[in-house]
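Quick notes on the structure that follows.
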Amino acid sequence: MKILGTGSALPKKIVTNDMLSEFLDTSDEWIVPRTGIRSRHIISDEKIEDLGAQAALSALEMSGLKPEDIDYCICSNVVSEYVTPGLSCVIGAKIGLKCPCIDINCACPGFIYALDIAETHYIAGKVRNVLIICAEQPTRMCDWTDRSTCVLFGDGAGAVVLGPGSNVKGIKLHSQLDATKIWERNSLMPTPYYEGDNRAIGLQMNGREVFKFAVKASTSDVEDLLNELGMTKDQVDWYIVHQANYRIIDAIKQYLGEPDGKFPINISDHGNSSSASCTILLDECNKSHMFKEGNTLVFSAFGAGLLSGVAVLEW
Ligand code: UT7
């Protein structure tokens with residue numbers, strides 16, 4: 001498979017660190033050195049399905065394909081207002097897709113898990129054109145009285161249109177399952193019979209443990225996959241790393257021994273937009289003509305699960 005088009009869409013409301021410190025015991029001086037985040041886009045009067053649709057239409061336009069040309073749509077999403085149908089169906093109906101649609105919830109590495117599913121369908125000869133949409137609103141998961149989490153996130157959507165080709169060199173997925181490090185609990189409808197606790201609990205995270213997992217998993221994912229492919233780091237032109245925290249990306253860079261210039265960054269004005277982050281960064285780099293034909297791109301992402309994944313693609 002091969003990337004034919006990219007797209008992204010962001011909410012219009014931009015919230016700076018100073019705006020957060022108007023109602024939270026936090027500051028720009030605390031947030032910037034620990035995370036690299038200065039501002040983030042936050043959903044206010046938009047719907048995540050509209051941002052997903054906008055990103056998908058933009059990727060379709062770049063690919064030269066029409067919605068009816070898509071054979072399969074995968075949407076990576078952690079929360080939406082719809083429990084059913086899946087967000088892929090909601091977005092698909094908006095943009096006029098005519099194909100099967102599935103949702104996945106693999107948290108921040110969702111784009112790489114979606115690429116892996118798409119690749120499997122290509123190998124099986126079942127698809128020609130695939131649309132991946134990563135549409136995320138982690139700000140709707142946070143407890144906005146908890147300064148240790150809500151300052152980290154931003155919302156948005158990114159999309160990729162895939163067509164036939166042999167540009168994916170390899171994909172490797174990894175898990176270290178532990179549902180206690182990042183989680184959020186939903187409230188479901190009450191019934192006359194259910195006797196358990198039904199309270200929603202906003203996002204809970206052990207930041208230090210997740211930080212360590214992220215750096216270790218990303219570094220070993222990248223090194224293991226490059227080794228398996230018989231490639232060296234010299235052959236890598238760009239690392240598109242999940243934009244969770246600038247310090248995480250910096251540590252990965254140090255462990256890999258790779259230069260700053262290979263790591264495009266947009267965390268400063270986006271925050272962590274979960275699985276949308278890699279696709280938004282990809283689209284921004286693509287639209288600024290950063291990639292040359294034949295460049296090698298390495299995608300690496302990590303998050304709740306705990307899950308991580310890496311993909312090596314030729315542009
Ligand atoms: O997609 C993956 C998602 N998750 C992540 O990427 C998170 C990975 N982890 C991290 O990025 C870092 O662990 C954080 C940025 C979340 C936290 O940085 P830290 O250096 O690990 O800080 P900490 O949690 O150990 O907190 C240090 C202090 C605490 O105060 P005390 O107990 O030392 O008095 C916190 O209460 O900083 C305090 N603190 C804050 N202060 C001002 C925590 N959040 C804030 C805040 N503003 N927003």
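Chain labels follow the order of the structure tokens: the first chain is A, the next B, and so on; residue numbering restarts at 1 in every chain, and ligands are counted from 1 in their shown order.
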
Enumerate residues in contact with ligand 1: an atom-to-atom distance of at most 6 Å, counting only C-alpha atoms and all ligand atoms. Format the result as a CSV table (one decimal) with C-alpha atoms, in the first residue's frame.
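New file part.csv:
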```csv
chain,number,residue,atom,x,y,z
A,26,THR,CA,-1.0,25.7,37.0
A,27,SER,CA,1.2,28.0,35.0
A,30,TRP,CA,5.3,24.6,34.9
A,31,ILE,CA,3.7,23.3,31.7
A,34,ARG,CA,7.8,19.7,31.4
A,35,THR,CA,5.8,19.1,28.2
A,108,CYS,CA,-2.6,7.0,20.9
A,147,ARG,CA,-4.2,19.8,36.6
A,148,SER,CA,-2.0,16.7,36.2
A,151,VAL,CA,-3.2,20.6,30.5
A,207,GLY,CA,2.4,10.1,34.3
A,208,ARG,CA,5.8,8.9,35.4
A,210,VAL,CA,3.6,6.2,31.2
A,211,PHE,CA,6.6,8.4,30.4
A,244,ALA,CA,2.6,13.4,23.8
A,245,ASN,CA,5.3,15.4,25.5
A,274,SER,CA,-4.1,10.9,20.9
A,303,GLY,CA,-0.2,5.0,24.9
```

Residues at most 12 Å from A:Phe213, counting only C-alpha atoms, excluding those fewer than 4 positions away in the same chain, as an MDAnalysis selection string?
chainID A and resid 174:178 181:182 206:209 217:221 248 251:252 301:308

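DSSP on the backbone gives helix (DSSP H, G or I) for these parts of stretch 138-223 of chain A: Pro138, Thr139, Arg140, Arg147, Ser148, Thr149, Cys150, Gly207, Arg208, Glu209, Val210, Phe211, Lys212, Phe213, Ala214, Val215, Lys216, Ala217, Ser218, Thr219, Ser220, Asp221, Val222 and Glu223 of chain A.
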
One residue among A:Thr232, A:Ser268, A:Ser300, A:Ser63 is nearest to A:Lys172 when using only C-alpha atoms, and that residue is A:Ser300

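Near stretch 137-139 of chain A, within 8 Å and counting only C-alpha atoms, sit A:Ile42, A:Ile43, A:Ile48, A:Val78, A:Val79, A:Ser80, A:Cys150, A:Phe153, A:Gly154, A:Asp155, A:Gly156, A:Ser273, A:Ser274, not including residues fewer than 5 positions from it in the same chain.
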
DSSP-assigned strand (DSSP E) among stretch 2-180 of chain A, expressed as a PyMOL selection string:
chain A and resi 2-9+13-16+39-42+72-76+101-104+130-136+156-163+168-175

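Using only C-alpha atoms, the contacts of A:Ser275 at a cut-off of 7 Å, with sequence neighbours closer than 2 positions omitted, comprise Ser76, Ala107, Cys108, Pro109, Gly110, Phe111, Cys134, Glu136, Ser273, Ser277 and Cys278 of chain A.
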
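When only C-alpha atoms are used to compute distances to A:Tyr113, the closest of the residues A:Gly92, A:Gly52, A:Pro192, A:Gly309 turns out to be A:Gly309.
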
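Distance annotation: of A:Lys292, A:Lys12, A:Arg247, A:His41, the residue with the minimal separation from A:Lys212 is A:Arg247; atom set is only C-alpha atoms.
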
In Å and to one decimal, atom CA of A:Tyr72 is distant from atom CA of A:Ser88 by 10.1 Å
